[in-house]
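Asks: Next comes the structure file protein-v9.tsv, holding TSV, C-alpha atoms.
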```tsv
chain	number	residue	atom	x	y	z
A	1	ASP	CA	41.77	42.72	129.60
A	2	ALA	CA	41.76	45.97	127.67
A	3	GLU	CA	40.26	48.92	129.50
A	4	ILE	CA	39.93	52.67	129.66
A	5	THR	CA	40.69	54.47	132.91
A	6	GLN	CA	40.27	58.00	134.15
A	7	SER	CA	41.93	59.83	137.00
A	8	PRO	CA	41.19	61.32	139.36
A	9	ARG	CA	37.65	60.02	139.90
A	10	HIS	CA	36.77	63.06	141.99
A	11	LYS	CA	38.35	66.49	141.99
A	12	ILE	CA	37.56	69.73	143.81
A	13	THR	CA	39.36	72.84	142.67
A	14	GLU	CA	39.07	76.59	142.86
A	15	THR	CA	38.10	79.07	140.20
A	16	GLY	CA	41.06	80.12	138.07
A	17	ARG	CA	43.24	77.08	138.70
A	18	GLN	CA	44.52	74.88	135.90
A	19	VAL	CA	43.24	71.31	136.08
A	20	THR	CA	44.23	68.26	134.05
A	21	LEU	CA	42.09	65.13	133.83
A	22	ALA	CA	43.80	61.96	132.68
A	23	CYS	CA	42.45	59.32	130.29
A	24	HIS	CA	44.33	56.12	129.45
A	25	GLN	CA	43.15	53.29	127.22
A	26	THR	CA	44.72	49.94	126.45
A	27	TRP	CA	42.40	49.07	123.54
A	28	ASN	CA	44.96	50.48	121.07
A	29	HIS	CA	42.15	52.59	119.61
A	30	ASN	CA	43.05	55.47	117.35
A	31	ASN	CA	39.95	57.52	118.21
A	32	MET	CA	39.54	59.16	121.61
A	33	PHE	CA	36.89	61.56	122.87
A	34	TRP	CA	36.14	63.78	125.85
A	35	TYR	CA	32.55	64.52	126.88
A	36	ARG	CA	30.90	66.36	129.69
A	37	GLN	CA	27.57	65.25	131.11
A	38	ASP	CA	25.22	67.64	132.85
A	39	LEU	CA	21.61	67.25	133.87
A	40	GLY	CA	19.40	68.21	130.98
A	41	HIS	CA	22.18	68.21	128.40
A	42	GLY	CA	23.17	64.59	127.94
A	43	LEU	CA	26.68	63.95	126.63
A	44	ARG	CA	28.33	66.93	124.96
A	45	LEU	CA	31.55	66.53	123.00
A	46	ILE	CA	34.46	68.69	124.17
A	47	HIS	CA	37.44	67.54	122.09
A	48	TYR	CA	38.37	64.48	120.10
A	49	SER	CA	41.40	62.92	118.45
A	50	TYR	CA	41.75	60.49	115.56
A	51	GLY	CA	45.38	59.66	116.23
A	52	VAL	CA	48.71	60.82	117.58
A	53	GLN	CA	49.25	64.55	117.11
A	54	ASP	CA	45.64	64.97	115.90
A	55	THR	CA	43.15	67.00	117.97
A	56	ASN	CA	39.81	68.57	117.07
A	57	LYS	CA	37.30	70.83	118.79
A	58	GLY	CA	33.89	69.55	119.70
A	59	GLU	CA	30.72	71.49	120.38
A	60	VAL	CA	31.72	72.83	123.81
A	61	SER	CA	35.50	73.27	123.54
A	62	ASP	CA	35.91	76.80	124.98
A	63	GLY	CA	38.13	76.75	128.06
A	64	TYR	CA	39.44	73.24	127.39
A	65	SER	CA	42.45	71.81	125.57
A	66	VAL	CA	43.83	68.37	124.76
A	67	SER	CA	47.05	66.93	123.44
A	68	ARG	CA	47.77	63.49	121.94
A	69	SER	CA	51.39	62.45	122.19
A	70	ASN	CA	50.76	58.69	122.10
A	71	THR	CA	47.96	56.27	121.26
A	72	GLU	CA	47.03	55.45	124.85
A	73	ASP	CA	46.51	58.88	126.44
A	74	LEU	CA	44.37	61.96	125.87
A	75	PRO	CA	44.62	64.35	128.84
A	76	LEU	CA	42.04	67.11	129.11
A	77	THR	CA	43.19	70.45	130.52
A	78	LEU	CA	41.00	73.21	131.89
A	79	GLU	CA	43.18	76.26	131.44
A	80	SER	CA	41.46	78.40	134.09
A	81	ALA	CA	38.68	76.52	135.82
A	82	ALA	CA	35.28	78.21	136.02
A	83	SER	CA	32.20	77.26	138.05
A	84	SER	CA	30.39	76.55	134.78
A	85	GLN	CA	32.83	73.69	134.22
A	86	THR	CA	31.54	71.80	137.25
A	87	SER	CA	30.38	68.57	135.64
A	88	VAL	CA	31.04	64.89	135.17
A	89	TYR	CA	33.63	64.23	132.48
A	90	PHE	CA	33.83	61.06	130.43
A	91	CYS	CA	36.58	59.84	128.18
A	92	ALA	CA	35.83	57.34	125.42
A	93	SER	CA	37.65	55.52	122.67
A	94	SER	CA	36.71	53.74	119.47
A	95	ARG	CA	38.55	51.90	116.76
A	96	SER	CA	39.17	53.04	113.24
A	97	LEU	CA	39.59	50.75	110.30
A	98	ALA	CA	42.85	50.23	108.46
A	99	GLY	CA	43.88	53.16	106.33
A	100	GLY	CA	42.19	55.65	108.62
A	101	THR	CA	38.68	54.84	107.43
A	102	TYR	CA	36.18	55.27	110.21
A	103	SER	CA	34.12	52.37	111.32
A	104	SER	CA	30.56	53.36	110.51
A	105	TYR	CA	29.53	51.67	113.70
A	106	ASN	CA	31.66	54.02	115.85
A	107	GLU	CA	31.05	51.92	118.94
A	108	GLN	CA	32.59	53.75	121.85
A	109	PHE	CA	34.07	52.42	125.09
A	110	PHE	CA	33.74	54.79	128.01
A	111	GLY	CA	35.79	55.36	131.11
A	112	PRO	CA	34.21	55.51	134.58
A	113	GLY	CA	34.11	59.31	134.65
A	114	THR	CA	35.63	62.13	136.69
A	115	ARG	CA	33.38	64.29	138.84
A	116	LEU	CA	34.84	67.80	138.87
A	117	THR	CA	33.66	70.54	141.21
A	118	VAL	CA	34.90	74.09	140.72
A	119	LEU	CA	34.32	76.31	143.75
B	1	THR	CA	23.33	69.11	112.84
B	2	GLN	CA	21.93	65.62	113.18
B	3	LEU	CA	19.82	65.35	116.31
B	4	LEU	CA	18.57	62.32	118.15
B	5	GLU	CA	15.50	62.84	120.29
B	6	GLN	CA	14.69	60.30	122.95
B	7	SER	CA	11.36	59.73	124.66
B	8	PRO	CA	10.17	59.55	127.26
B	9	GLN	CA	12.74	61.50	129.23
B	10	PHE	CA	11.82	59.73	132.48
B	11	LEU	CA	10.05	56.44	133.07
B	12	SER	CA	9.21	54.83	136.41
B	13	ILE	CA	7.59	51.41	136.44
B	14	GLN	CA	7.04	48.40	138.68
B	15	GLU	CA	9.05	45.23	138.39
B	16	GLY	CA	7.54	42.86	135.85
B	17	GLU	CA	6.06	45.54	133.58
B	18	ASN	CA	6.97	45.96	129.91
B	19	LEU	CA	8.19	49.21	128.43
B	20	THR	CA	9.37	50.80	125.21
B	21	VAL	CA	11.65	53.80	124.76
B	22	TYR	CA	12.23	55.63	121.52
B	23	CYS	CA	15.03	57.32	119.65
B	24	ASN	CA	13.97	59.50	116.71
B	25	SER	CA	15.65	61.68	114.14
B	26	SER	CA	14.83	63.48	110.91
B	27	SER	CA	18.19	62.30	109.54
B	28	VAL	CA	19.24	58.93	108.18
B	29	PHE	CA	21.91	57.12	110.18
B	30	SER	CA	24.25	54.41	108.90
B	31	SER	CA	23.91	52.74	112.30
B	32	LEU	CA	22.61	53.45	115.77
B	33	GLN	CA	24.03	52.36	119.09
B	34	TRP	CA	22.23	51.89	122.41
B	35	TYR	CA	24.11	52.37	125.66
B	36	ARG	CA	23.08	51.90	129.29
B	37	GLN	CA	24.58	54.04	132.00
B	38	GLU	CA	24.26	53.15	135.67
B	39	PRO	CA	24.66	55.81	138.38
B	40	GLY	CA	28.30	56.73	138.95
B	41	GLU	CA	29.55	54.85	135.90
B	42	GLY	CA	30.24	55.45	132.24
B	43	PRO	CA	27.88	54.35	129.45
B	44	VAL	CA	28.21	50.74	128.35
B	45	LEU	CA	27.43	49.65	124.81
B	46	LEU	CA	24.42	47.32	124.57
B	47	VAL	CA	23.93	46.88	120.85
B	48	THR	CA	24.47	48.32	117.38
B	49	VAL	CA	21.75	48.18	114.72
B	50	VAL	CA	22.79	48.63	111.13
B	51	THR	CA	20.15	47.45	108.65
B	52	GLY	CA	16.77	49.12	108.20
B	53	GLY	CA	14.10	46.98	109.87
B	54	GLU	CA	16.67	45.04	111.84
B	55	VAL	CA	15.63	43.50	115.16
B	56	LYS	CA	18.18	42.41	117.75
B	57	LYS	CA	17.50	40.70	121.04
B	58	LEU	CA	19.62	40.77	124.15
B	59	LYS	CA	17.88	38.59	126.75
B	60	ARG	CA	14.77	40.61	127.72
B	61	LEU	CA	15.78	43.62	125.62
B	62	THR	CA	14.62	43.95	122.02
B	63	PHE	CA	16.10	46.63	119.76
B	64	GLN	CA	14.60	47.66	116.44
B	65	PHE	CA	15.97	49.93	113.73
B	66	GLY	CA	13.37	51.72	111.62
B	67	ASP	CA	12.98	50.80	107.98
B	68	ALA	CA	14.21	54.24	106.91
B	69	ARG	CA	17.07	54.17	109.45
B	70	LYS	CA	15.84	57.36	111.10
B	71	ASP	CA	14.57	55.89	114.35
B	72	SER	CA	15.03	53.05	116.78
B	73	SER	CA	13.22	51.57	119.75
B	74	LEU	CA	14.18	49.58	122.80
B	75	HIS	CA	11.59	47.27	124.33
B	76	ILE	CA	12.15	45.65	127.72
B	77	THR	CA	10.02	42.69	128.73
B	78	ALA	CA	9.33	41.99	132.39
B	79	ALA	CA	11.57	44.77	133.66
B	80	GLN	CA	13.73	44.11	136.70
B	81	PRO	CA	15.35	46.53	139.17
B	82	GLY	CA	18.69	45.74	137.57
B	83	ASP	CA	17.43	47.40	134.38
B	84	THR	CA	17.40	50.76	136.17
B	85	GLY	CA	19.64	53.31	134.46
B	86	LEU	CA	19.99	55.90	131.75
B	87	TYR	CA	19.48	54.56	128.22
B	88	LEU	CA	21.25	56.51	125.50
B	89	CYS	CA	21.06	56.17	121.75
B	90	ALA	CA	23.87	57.43	119.52
B	91	GLY	CA	24.81	57.47	115.87
B	92	PRO	CA	27.73	58.52	113.67
B	93	TYR	CA	27.71	61.93	112.04
B	94	ASN	CA	27.27	61.52	108.30
B	95	THR	CA	29.87	64.17	107.52
B	96	ASN	CA	32.36	63.06	110.17
B	97	ALA	CA	31.71	59.42	110.87
B	98	GLY	CA	34.52	59.17	113.38
B	99	LYS	CA	32.39	60.91	116.00
B	100	SER	CA	28.86	60.35	117.22
B	101	THR	CA	25.87	62.37	118.27
B	102	PHE	CA	24.03	61.27	121.42
B	103	GLY	CA	20.43	61.64	122.47
B	104	ASP	CA	19.73	63.08	125.93
B	105	GLY	CA	18.61	59.68	127.16
B	106	THR	CA	15.71	58.02	128.96
B	107	THR	CA	16.07	57.58	132.71
B	108	LEU	CA	14.41	54.32	133.69
B	109	THR	CA	13.57	53.39	137.27
B	110	VAL	CA	12.23	49.91	137.97
B	111	LYS	CA	10.76	49.59	141.44
B	112	PRO	CA	10.75	46.22	143.21
```
Here is a file; write its structure as structure tokens.

Replies:
Amino acid sequence: DAEITQSPRHKITETGRQVTLACHQTWNHNNMFWYRQDLGHGLRLIHYSYGVQDTNKGEVSDGYSVSRSNTEDLPLTLESAASSQTSVYFCASSRSLAGGTYSSYNEQFFGPGTRLTVL
Amino acid sequence: TQLLEQSPQFLSIQEGENLTVYCNSSSVFSSLQWYRQEPGEGPVLLVTVVTGGEVKKLKRLTFQFGDARKDSSLHITAAQPGDTGLYLCAGPYNTNAGKSTFGDGTTLTVKP
């Protein structure tokens, strides 16, 4: 069965370290997204990609970067981890229609999340 | 920015009770999705509503899309402890339909 996985599931790191969170999907979806979820803020979009070599900034992109070298993976990198980046991170994917047209439904499939603690 | 406001933010009820949660916006959406998120897991898609006035049923859950496609509701009949979770509504941005905006969610607790 197709799925979307994230690793690690839990991570503790120190302020200033570089951290990379992995996201891998086997849905063959063109669209992939990274969100963070904090109490009182719901899901906030960090970065997203509509295909290989395409990346875009979301509403809370400062301090984060992504790269898309293949369809299946969208790793999220925290360049220099800060305590404010302690959060739960979710990766998601959705399909796009032929020709690059977006499905107006934009139904997203989420990974299980990574809980990141920055000390 | 298109915003989705969900209410109530928290809801705690006894098993067997009925409840309704709401998702409202001042903007028109081409569709709205409802997700349920259980503790320690990612959100899972429940349903998509597309047509104004549309009603969809998923067992004891009834979803309605407003006639003007600006709001939606989720009604649960005879709630069970297994319904406990965070309910999120989401919809595509009009100007960038490849991504969605999410409401902050309703946290539902159903006590046995």

Asks: Contacts from chain B to chain A, 7 Å maximum, all atoms listed in the file: show me the residue list as an MDAnalysis selection string.

Replies: chainID B and resid 30:31 41:44 92 97:99 102:105

Asks: Report as a list in words all protein, DNA and RNA residues lying within 8 Å of Ser80 of chain A, evaluated on all atoms listed in the file, omitting residues in the same chain fewer than 5 positions from it.

Replies: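 Listing them by chain and then by number gives Thr15, Gly16, Arg17, Gln18, Val19 and Gly63 of chain A.
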
Asks: Tell me, as a PyMOL selection string, which residues lie within 8 Å of Val110 of chain B, counting only C-alpha atoms; anything in the same chain fewer than 5 positions away does not count.

Replies: chain B and resi 12-15+79-84

Asks: Produce a file of the selected residues containing C-alpha atoms, as a PDB file, keeping the file's coordinate frame.

Replies:
```pdb
ATOM      1  CA  SER B  12       9.210  54.830 136.410  1.00  0.00           C
ATOM      2  CA  ILE B  13       7.590  51.410 136.440  1.00  0.00           C
ATOM      3  CA  GLN B  14       7.040  48.400 138.680  1.00  0.00           C
ATOM      4  CA  GLU B  15       9.050  45.230 138.390  1.00  0.00           C
ATOM      5  CA  ALA B  79      11.570  44.770 133.660  1.00  0.00           C
ATOM      6  CA  GLN B  80      13.730  44.110 136.700  1.00  0.00           C
ATOM      7  CA  PRO B  81      15.350  46.530 139.170  1.00  0.00           C
ATOM      8  CA  GLY B  82      18.690  45.740 137.570  1.00  0.00           C
ATOM      9  CA  ASP B  83      17.430  47.400 134.380  1.00  0.00           C
ATOM     10  CA  THR B  84      17.400  50.760 136.170  1.00  0.00           C
TER      11      THR B  84
END
```

Asks: What's around Ser7 of chain B at 10 Å? Count only C-alpha atoms, leave out sequence neighbours fewer than 4 positions away in its own chain, and write the answer as an NGL selection string.

Replies: :B and (11 or 20-24 or 73 or 103-107)

Asks: Hey, can you check how far atom CA of His47 of chain A sits from atom CA of Leu119 of chain A?

Replies: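 Straight-line distance from atom CA of His47 of chain A to atom CA of Leu119 of chain A works out to 23.6 Å.
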
Asks: Expressed in Å to a single decimal, how great is the separation between atom CA of Val118 of chain A and atom CA of Ser87 of chain A?

Replies: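 Going from atom CA of Val118 of chain A over to atom CA of Ser87 of chain A, I get 8.8 Å.
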
Asks: When you count only C-alpha atoms, which of these residues is closest to Leu21 of chain A: A:Thr117, A:Asn56, A:Gln85, A:Gln6?

Replies: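 Closest to Leu21 of chain A, using only C-alpha atoms: A:Gln6.
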
Asks: For Ala90 of chain B, which of B:Gln33, B:Thr77, B:Ser26, B:Thr48 is the closest residue, counting all atoms listed in the file?

Replies: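 That would be B:Gln33, the residue with the smallest distance to Ala90 of chain B.
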
Asks: Can you pull out the residues contacting segment 67-76 of chain A? Cut-off 7 Å, using all atoms listed in the file, and skip same-chain residues under 5 positions away; I want them as an MDAnalysis selection string.

Replies: chainID A and resid 20:26 28 30 51:55

Asks: To one decimal place in Å, what is the distance between atom CA of Glu3 of chain A and atom CA of His29 of chain A?

Replies: 10.7 Å
